[in-house]
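Heads up, final.cif below (mmCIF, C-alpha atoms):
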```
data_model
loop_
_atom_site.label_atom_id
_atom_site.label_comp_id
_atom_site.auth_asym_id
_atom_site.auth_seq_id
_atom_site.Cartn_x
_atom_site.Cartn_y
_atom_site.Cartn_z
CA MET A 6 -24.07 -6.68 -11.24
CA PRO A 7 -22.85 -3.51 -9.50
CA LEU A 8 -20.39 -3.88 -6.64
CA PRO A 9 -21.66 -2.95 -3.18
CA ARG A 10 -20.59 0.40 -1.80
CA LEU A 11 -17.26 0.08 -0.02
CA PRO A 12 -17.51 0.63 3.75
CA LEU A 13 -14.39 2.80 4.03
CA ASN A 14 -14.59 3.29 7.80
CA ALA A 15 -14.85 -0.45 8.32
CA LEU A 16 -12.00 -1.14 5.90
CA ARG A 17 -9.78 1.38 7.66
CA ALA A 18 -10.63 -0.09 11.07
CA PHE A 19 -9.81 -3.58 9.82
CA GLU A 20 -6.50 -2.62 8.15
CA THR A 21 -5.35 -0.70 11.23
CA THR A 22 -6.28 -3.57 13.54
CA VAL A 23 -4.29 -6.09 11.51
CA ARG A 24 -1.32 -3.74 11.17
CA LEU A 25 -1.18 -3.04 14.91
CA GLY A 26 -2.36 -6.48 16.05
CA SER A 27 -4.92 -5.04 18.43
CA MET A 28 -8.35 -3.43 18.30
CA SER A 29 -7.43 -1.21 21.24
CA ALA A 30 -4.33 0.06 19.45
CA ALA A 31 -6.36 0.61 16.28
CA ALA A 32 -8.96 2.55 18.25
CA ALA A 33 -6.25 4.77 19.73
CA GLU A 34 -4.72 5.49 16.29
CA LEU A 35 -8.09 6.21 14.69
CA GLY A 36 -9.42 8.24 17.61
CA VAL A 37 -12.51 6.08 18.18
CA THR A 38 -13.63 3.56 20.80
CA HIS A 39 -12.71 -0.11 20.94
CA GLY A 40 -16.39 -0.90 20.49
CA ALA A 41 -16.58 1.13 17.29
CA VAL A 42 -13.65 -0.75 15.77
CA SER A 43 -15.14 -4.11 16.78
CA ARG A 44 -18.52 -3.18 15.32
CA HIS A 45 -16.98 -2.02 12.03
CA ILE A 46 -15.12 -5.30 11.63
CA ARG A 47 -18.19 -7.44 12.47
CA GLU A 48 -20.20 -5.53 9.87
CA LEU A 49 -17.43 -5.99 7.29
CA GLU A 50 -17.34 -9.74 7.97
CA ALA A 51 -21.14 -9.88 7.62
CA GLN A 52 -21.03 -8.02 4.31
CA LEU A 53 -18.29 -10.26 2.89
CA GLY A 54 -19.76 -13.43 4.37
CA LEU A 55 -16.50 -14.81 5.80
CA PRO A 56 -14.37 -14.39 8.95
CA LEU A 57 -11.48 -11.95 8.71
CA LEU A 58 -10.06 -12.14 12.24
CA LEU A 59 -9.38 -14.77 14.86
CA ARG A 60 -10.20 -13.24 18.26
CA LEU A 61 -7.60 -14.33 20.81
CA PRO A 62 -7.69 -13.56 24.55
CA LYS A 63 -5.34 -10.57 24.34
CA SER A 64 -4.90 -9.95 20.63
CA VAL A 65 -6.25 -10.67 17.18
CA THR A 66 -4.74 -12.37 14.15
CA PRO A 67 -6.06 -12.33 10.58
CA THR A 68 -7.43 -15.37 8.83
CA PRO A 69 -5.78 -16.19 5.46
CA ALA A 70 -8.48 -14.19 3.68
CA GLY A 71 -8.15 -11.38 6.20
CA SER A 72 -4.37 -11.29 5.78
CA GLN A 73 -4.66 -10.90 2.01
CA LEU A 74 -7.30 -8.21 2.36
CA ALA A 75 -5.16 -6.29 4.87
CA VAL A 76 -2.19 -6.29 2.47
CA ASN A 77 -4.32 -5.00 -0.39
CA LEU A 78 -5.93 -2.34 1.82
CA GLY A 79 -2.54 -1.15 3.09
CA GLN A 80 -1.35 -0.64 -0.48
CA ALA A 81 -4.60 1.10 -1.43
CA PHE A 82 -4.53 3.51 1.51
CA GLU A 83 -0.90 4.34 0.76
CA LEU A 84 -1.82 5.22 -2.83
CA MET A 85 -4.64 7.43 -1.54
CA HIS A 86 -2.24 9.26 0.77
CA GLN A 87 0.24 9.75 -2.04
CA GLY A 88 -2.44 11.09 -4.37
CA VAL A 89 -3.61 13.63 -1.81
CA ALA A 90 -0.04 14.66 -0.99
CA ARG A 91 0.66 15.39 -4.65
CA LEU A 92 -2.52 17.43 -5.15
CA ALA A 93 -2.53 19.29 -1.85
CA PRO A 94 1.04 19.61 -0.58
CA GLY A 95 1.24 20.73 3.02
CA PRO A 96 4.14 21.66 5.30
CA LEU A 97 7.33 19.63 5.03
CA THR A 98 8.00 17.21 7.86
CA LEU A 99 11.62 16.36 8.57
CA SER A 100 12.29 13.34 10.77
CA CYS A 101 15.50 13.06 12.79
CA SER A 102 16.72 12.07 16.23
CA ALA A 103 16.27 14.45 19.15
CA THR A 104 20.04 14.80 19.44
CA ILE A 105 20.50 15.84 15.80
CA ALA A 106 17.54 18.22 16.11
CA MET A 107 18.87 19.86 19.29
CA ASN A 108 22.60 19.86 18.61
CA TRP A 109 22.81 20.39 14.84
CA LEU A 110 19.56 21.16 13.02
CA ILE A 111 17.76 23.75 15.16
CA PRO A 112 20.84 25.99 15.62
CA ARG A 113 21.12 26.19 11.82
CA LEU A 114 17.48 26.11 10.76
CA ARG A 115 17.05 29.87 11.01
CA THR A 116 19.27 30.31 7.96
CA PHE A 117 16.99 28.08 5.90
CA LYS A 118 13.89 29.90 7.16
CA ARG A 119 15.50 33.26 6.41
CA ASP A 120 16.20 32.27 2.80
CA ASN A 121 12.94 30.33 2.34
CA PRO A 122 10.29 32.16 4.39
CA ALA A 123 7.38 30.58 2.52
CA ILE A 124 8.43 26.99 3.34
CA GLU A 125 7.09 25.61 6.62
CA VAL A 126 9.19 22.83 8.19
CA ARG A 127 7.88 20.61 10.95
CA LEU A 128 10.00 18.16 12.95
CA ASN A 129 9.24 14.51 13.59
CA ILE A 130 11.52 13.35 16.42
CA ASN A 131 12.42 9.76 15.64
CA TYR A 132 15.58 7.88 14.75
CA GLY A 133 14.31 4.41 13.74
CA ALA A 134 12.02 3.04 11.06
CA VAL A 135 9.64 5.48 9.41
CA ASP A 136 6.47 5.10 7.36
CA PHE A 137 6.61 8.14 5.10
CA VAL A 138 2.94 7.95 4.11
CA ARG A 139 1.28 7.06 7.40
CA ASP A 140 3.51 9.41 9.45
CA GLU A 141 3.29 12.14 6.77
CA VAL A 142 7.09 12.49 6.72
CA SER A 143 8.75 14.18 3.75
CA LEU A 144 12.44 13.68 4.57
CA ALA A 145 14.39 11.83 7.24
CA ILE A 146 17.99 11.97 8.48
CA ARG A 147 19.05 8.45 9.41
CA SER A 148 22.15 6.51 10.38
CA SER A 149 23.41 3.89 7.95
CA THR A 150 22.58 1.30 10.62
CA TYR A 151 18.97 1.57 9.43
CA ARG A 152 17.80 0.32 6.03
CA ALA A 153 15.72 2.72 3.97
CA PRO A 154 12.23 1.59 2.93
CA GLU A 155 11.79 0.41 -0.63
CA ASP A 156 11.63 3.17 -3.29
CA VAL A 157 12.92 5.86 -0.90
CA ILE A 158 15.56 8.17 -2.40
CA VAL A 159 18.79 8.02 -0.38
CA ARG A 160 21.32 10.87 -0.41
CA PRO A 161 24.64 10.40 1.46
CA LEU A 162 25.35 13.23 3.92
CA LEU A 163 28.60 12.54 5.78
CA HIS A 164 30.80 9.88 7.31
CA GLU A 165 30.76 10.16 11.10
CA ASP A 166 33.93 11.10 12.93
CA ILE A 167 33.86 9.90 16.54
CA GLY A 168 35.94 10.55 19.64
CA PRO A 169 35.90 10.94 23.42
CA ILE A 170 34.49 14.26 24.69
CA CYS A 171 34.36 15.85 28.13
CA HIS A 172 34.45 19.19 29.97
CA PRO A 173 37.79 21.04 29.60
CA ASP A 174 38.41 21.04 33.37
CA TYR A 175 37.79 17.29 33.52
CA ALA A 176 40.34 16.65 30.77
CA ASP A 177 42.91 18.85 32.52
CA ARG A 178 42.33 17.36 35.96
CA LEU A 179 42.76 13.76 34.73
CA GLU A 180 45.50 14.72 32.24
CA LEU A 181 43.84 12.89 29.34
CA HIS A 182 46.44 12.76 26.57
CA LYS A 183 46.46 9.13 25.37
CA PRO A 184 44.00 6.19 25.40
CA GLU A 185 45.59 4.59 28.48
CA ASP A 186 44.67 7.69 30.50
CA LEU A 187 41.00 6.82 30.07
CA THR A 188 41.37 4.01 32.63
CA ARG A 189 41.36 6.78 35.27
CA ALA A 190 38.18 8.37 33.89
CA ARG A 191 34.50 7.89 34.60
CA ILE A 192 33.19 6.30 31.40
CA LEU A 193 29.74 7.42 30.22
CA GLY A 194 27.55 5.51 27.76
CA THR A 195 24.12 5.60 26.17
CA ALA A 196 21.43 3.01 25.58
CA THR A 197 20.99 4.18 21.99
CA ARG A 198 24.59 3.33 21.07
CA THR A 199 25.85 0.65 23.42
CA ASP A 200 28.86 -0.25 21.26
CA ALA A 201 30.23 3.30 21.01
CA TRP A 202 33.34 2.73 23.13
CA SER A 203 34.18 -0.67 21.63
CA GLU A 204 33.76 0.80 18.13
CA TRP A 205 36.16 3.66 18.90
CA LEU A 206 38.73 1.37 20.54
CA ALA A 207 38.62 -0.94 17.52
CA VAL A 208 39.09 1.96 15.10
CA ILE A 209 42.19 3.25 16.93
CA GLY A 210 43.56 -0.29 17.31
CA ARG A 211 43.29 -0.43 21.10
CA SER A 212 40.66 -3.11 21.70
CA ASP A 213 43.01 -4.40 24.40
CA LEU A 214 41.94 -1.57 26.71
CA ASN A 215 39.22 -2.64 29.13
CA LEU A 216 36.95 0.40 29.49
CA GLN A 217 33.76 -0.34 31.40
CA VAL A 218 30.82 2.06 31.28
CA HIS A 219 30.19 3.47 34.75
CA GLU A 220 26.93 5.27 33.94
CA SER A 221 24.57 4.97 30.97
CA TYR A 222 21.99 7.48 29.75
CA GLU A 223 18.80 6.72 27.85
CA HIS A 224 19.33 9.34 25.16
CA HIS A 225 22.38 10.67 23.36
CA TYR A 226 21.60 14.30 24.16
CA LEU A 227 21.55 13.46 27.89
CA LEU A 228 24.93 11.77 27.51
CA ILE A 229 26.44 14.84 25.84
CA GLN A 230 24.98 17.14 28.48
CA ALA A 231 26.38 14.96 31.27
CA ALA A 232 29.83 15.14 29.72
CA SER A 233 29.56 18.92 29.31
CA TYR A 234 28.90 19.25 33.05
CA GLY A 235 31.97 17.26 34.05
CA LEU A 236 30.26 14.00 35.00
CA GLY A 237 32.69 11.93 32.97
CA ILE A 238 33.84 11.27 29.42
CA ALA A 239 31.71 10.01 26.54
CA ILE A 240 32.07 8.94 22.92
CA ALA A 241 30.19 11.16 20.48
CA PRO A 242 30.10 11.94 16.76
CA ARG A 243 31.79 15.24 15.97
CA ILE A 244 28.69 16.58 14.24
CA LEU A 245 26.75 16.43 17.52
CA VAL A 246 29.34 18.26 19.63
CA ALA A 247 31.11 20.64 17.24
CA ASP A 248 29.15 23.68 18.41
CA GLU A 249 29.80 22.91 22.10
CA ILE A 250 33.52 22.52 21.35
CA GLU A 251 33.47 25.87 19.55
CA ARG A 252 31.90 27.47 22.63
CA GLY A 253 34.44 25.87 24.95
CA HIS A 254 31.90 23.76 26.83
CA LEU A 255 33.50 20.53 25.62
CA VAL A 256 36.86 19.30 24.39
CA ALA A 257 37.92 16.23 22.46
CA PRO A 258 41.23 15.48 24.21
CA LEU A 259 42.12 12.59 21.90
CA GLY A 260 40.61 14.08 18.75
CA PHE A 261 38.24 12.39 16.32
CA VAL A 262 38.69 9.44 13.97
CA PRO A 263 36.45 8.11 11.18
CA GLY A 264 33.84 5.77 12.64
CA THR A 265 31.89 2.98 11.00
CA ARG A 266 28.61 4.82 10.44
CA GLU A 267 27.31 7.31 7.94
CA LEU A 268 24.43 9.75 7.97
CA ASN A 269 22.02 9.63 5.04
CA LEU A 270 19.07 11.69 3.92
CA TRP A 271 15.93 9.74 3.00
CA ILE A 272 13.41 11.44 0.70
CA ALA A 273 9.86 10.14 0.30
CA PRO A 274 9.36 9.16 -3.35
CA HIS A 275 5.93 10.79 -3.67
CA VAL A 276 7.30 14.27 -2.80
CA ARG A 277 10.69 14.11 -4.54
CA SER A 278 9.60 16.45 -7.35
CA ARG A 279 8.31 19.22 -5.06
CA GLU A 280 10.35 22.42 -5.17
CA ASP A 281 10.26 22.88 -1.39
CA VAL A 282 11.59 19.34 -0.92
CA ARG A 283 14.43 20.03 -3.34
CA ARG A 284 15.28 23.25 -1.48
CA LEU A 285 15.29 21.63 1.96
CA SER A 286 17.20 18.52 0.87
CA GLY A 287 19.77 20.65 -0.96
CA TRP A 288 20.22 22.86 2.10
CA ILE A 289 20.72 19.87 4.41
CA GLN A 290 23.29 18.35 2.08
CA ASP A 291 25.15 21.66 1.75
CA GLU A 292 25.18 22.25 5.52
CA MET A 293 26.42 18.73 6.20
CA ALA A 294 29.16 19.13 3.59
CA ARG A 295 30.15 22.45 5.15
CA HIS A 296 30.27 20.83 8.58
CA ALA A 297 32.39 17.95 7.29
CA THR A 298 35.08 20.33 6.04
CA ALA A 299 34.88 23.00 8.78
CA GLY A 300 37.40 22.99 11.63
CA THR A 301 36.32 22.87 15.26
CA GLY A 302 39.63 23.74 16.91
CA ALA A 303 42.95 21.98 17.08
CA ALA A 304 41.95 19.69 19.94
CA ALA A 305 38.94 18.48 18.01
CA GLU A 306 40.65 18.03 14.69
CA THR A 307 43.85 16.28 15.70
CA ALA A 308 43.06 12.58 15.90
CA TYR A 309 45.04 10.40 18.28
CA ALA A 310 48.10 9.05 16.51
CA GLN A 311 49.14 5.54 17.51
#
```
Re-express the file's structure as structure tokens.
Amino acid sequence: MPLPRLPLNALRAFETTVRLGSMSAAAAELGVTHGAVSRHIRELEAQLGLPLLLRLPKSVTPTPAGSQLAVNLGQAFELMHQGVARLAPGPLTLSCSATIAMNWLIPRLRTFKRDNPAIEVRLNINYGAVDFVRDEVSLAIRSSTYRAPEDVIVRPLLHEDIGPICHPDYADRLELHKPEDLTRARILGTATRTDAWSEWLAVIGRSDLNLQVHESYEHHYLLIQAASYGLGIAIAPRILVADEIERGHLVAPLGFVPGTRELNLWIAPHVRSREDVRRLSGWIQDEMARHATAGTGAAAETAYAQ
């Protein structure tokens, strides 16, 4: 007996609803109305002859049968995406945080474009978890604080050096020469790395110092900009401030020390064999290696000696 024709629109609506836990969220992702999603799922339940969702007041949850179907559909749609990506490769999408994009990648990207004019690179601004298939991401730069998805190729980039940074006039005015001097400073922090100061103090063996954050910024790039305009002193990885130190907009009065985090490059497994992926990943690794060995001035390179 032949199988009935698969209702792909209904299957997609159902899988998206279960994955997002909401018909409204599924409708937004798929670009259709809530009513269309609801209708697709009712028709799918009628065709299969069993309930797939439990409708709750403000959400939905799959039945046991619906949960199993959603898992199988998710795997099937991922395989479809991978198959299309292999046959019809499009532009490369590189995912990284806004701070890495603004302070490190974009200032250097012109050299890659100059040497590889036929390769189009798009940016996906994100620093957390990533779904390489659904988000159509080819490569991602991520901190070692995040675990790579299964089967993703991981390439180490560099070990972060961290240190306090501020405007040169601010460092001179407060005479910042040793960790104890920071008790006179206005301490800046960021919501994306709340343990930055405690991590640095632990690394230099001065956890006894009580440095309280006076002002916190939502994003790292806002924190760095605030420090560059003399609003206080912040902890930052050297890779994110090296260019500003070179230009004299920032100084690292106590130098940099190795932190506890690393930067890694994640490569989607279904595009690993593409030549443009190999070129971009190789360029990123080379640029990071060059940055790791390049000097950024005596003040930046001389770590505080206990």
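Once the PyMOL selection byres ((chain A and resi 38-52) around 7) is applied to the depicted file, the selected set reads Ala15, Ala18, Phe19, Met28, Ser29, Ala32, Val37, Leu53, Gly54, Leu55, Pro56 and Leu57 of chain A.
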- Using all atoms listed in the file, determine which residues lie at most 7 Å from stretch 215-226 of chain A, disregarding the query and same-chain residues fewer than 3 positions distant; provide the list as a ChimeraX atom specification. /A:104,188,191-197,229-230
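Shortest atom-to-atom contact with A:Phe261 among A:Leu78, A:Leu163, A:Leu128, A:Ala247: A:Ala247, counting only C-alpha atoms.
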Name the residues in contact with A:Ser72 at a cut-off of 12 Å, using all atoms listed in the file, excluding same-chain residues fewer than 3 positions from it; report them as a CSV table (one decimal) with C-alpha atoms, keeping the file's coordinate frame.
```
chain,number,residue,atom,x,y,z
A,19,PHE,CA,-9.8,-3.6,9.8
A,20,GLU,CA,-6.5,-2.6,8.2
A,21,THR,CA,-5.4,-0.7,11.2
A,22,THR,CA,-6.3,-3.6,13.5
A,23,VAL,CA,-4.3,-6.1,11.5
A,24,ARG,CA,-1.3,-3.7,11.2
A,26,GLY,CA,-2.4,-6.5,16.0
A,56,PRO,CA,-14.4,-14.4,9.0
A,57,LEU,CA,-11.5,-12.0,8.7
A,58,LEU,CA,-10.1,-12.1,12.2
A,59,LEU,CA,-9.4,-14.8,14.9
A,65,VAL,CA,-6.2,-10.7,17.2
A,66,THR,CA,-4.7,-12.4,14.2
A,67,PRO,CA,-6.1,-12.3,10.6
A,68,THR,CA,-7.4,-15.4,8.8
A,69,PRO,CA,-5.8,-16.2,5.5
A,75,ALA,CA,-5.2,-6.3,4.9
A,76,VAL,CA,-2.2,-6.3,2.5
A,77,ASN,CA,-4.3,-5.0,-0.4
A,78,LEU,CA,-5.9,-2.3,1.8
A,79,GLY,CA,-2.5,-1.2,3.1
```
- Expansion of the PyMOL selection byres ((chain A and resi 150) around 12) into residues, as a list of chain:residue names: A:Tyr132, A:Gly133, A:Ala134, A:Ile146, A:Arg147, A:Ser148, A:Ser149, A:Tyr151, A:Arg152, A:Ala153, A:Thr197, A:Arg198, A:Thr265, A:Arg266, A:Glu267, A:Leu268, A:Asn269
Store the residues of this selection in a file with C-alpha atoms, as a compact mmCIF listing (two decimals), in the coordinates of the input.
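Everything below was put into again26.txt:
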```
# COMPACT_ATOMS: atom_id res chain seq x y z
CA TYR A 132 15.58 7.88 14.75
CA GLY A 133 14.31 4.41 13.74
CA ALA A 134 12.02 3.04 11.06
CA ILE A 146 17.99 11.97 8.48
CA ARG A 147 19.05 8.45 9.41
CA SER A 148 22.15 6.51 10.38
CA SER A 149 23.41 3.89 7.95
CA TYR A 151 18.97 1.57 9.43
CA ARG A 152 17.80 0.32 6.03
CA ALA A 153 15.72 2.72 3.97
CA THR A 197 20.99 4.18 21.99
CA ARG A 198 24.59 3.33 21.07
CA THR A 265 31.89 2.98 11.00
CA ARG A 266 28.61 4.82 10.44
CA GLU A 267 27.31 7.31 7.94
CA LEU A 268 24.43 9.75 7.97
CA ASN A 269 22.02 9.63 5.04
```
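Of note, atom CA of A:Ala239 and atom CA of A:Pro169 are spaced 5.3 Å apart.
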- List, as a list in words, every residue that the PyMOL selection byres ((chain A and resi 111) around 12) selects in the file provided. Leu99, Cys101, Ser102, Ala103, Thr104, Ile105, Ala106, Met107, Asn108, Trp109, Leu110, Pro112, Arg113, Leu114, Arg115, Thr116, Phe117, Lys118, Val126, Arg127, Leu128, Leu245, Asp248 and Ile289 of chain A
- Message: Can you pull out the residues contacting A:Ala273? Cut-off 7 Å, using all atoms listed in the file, and skip same-chain residues under 6 positions away; I want them as a PyMOL selection string.
- Response: chain A and resi 137+143-144+157-158
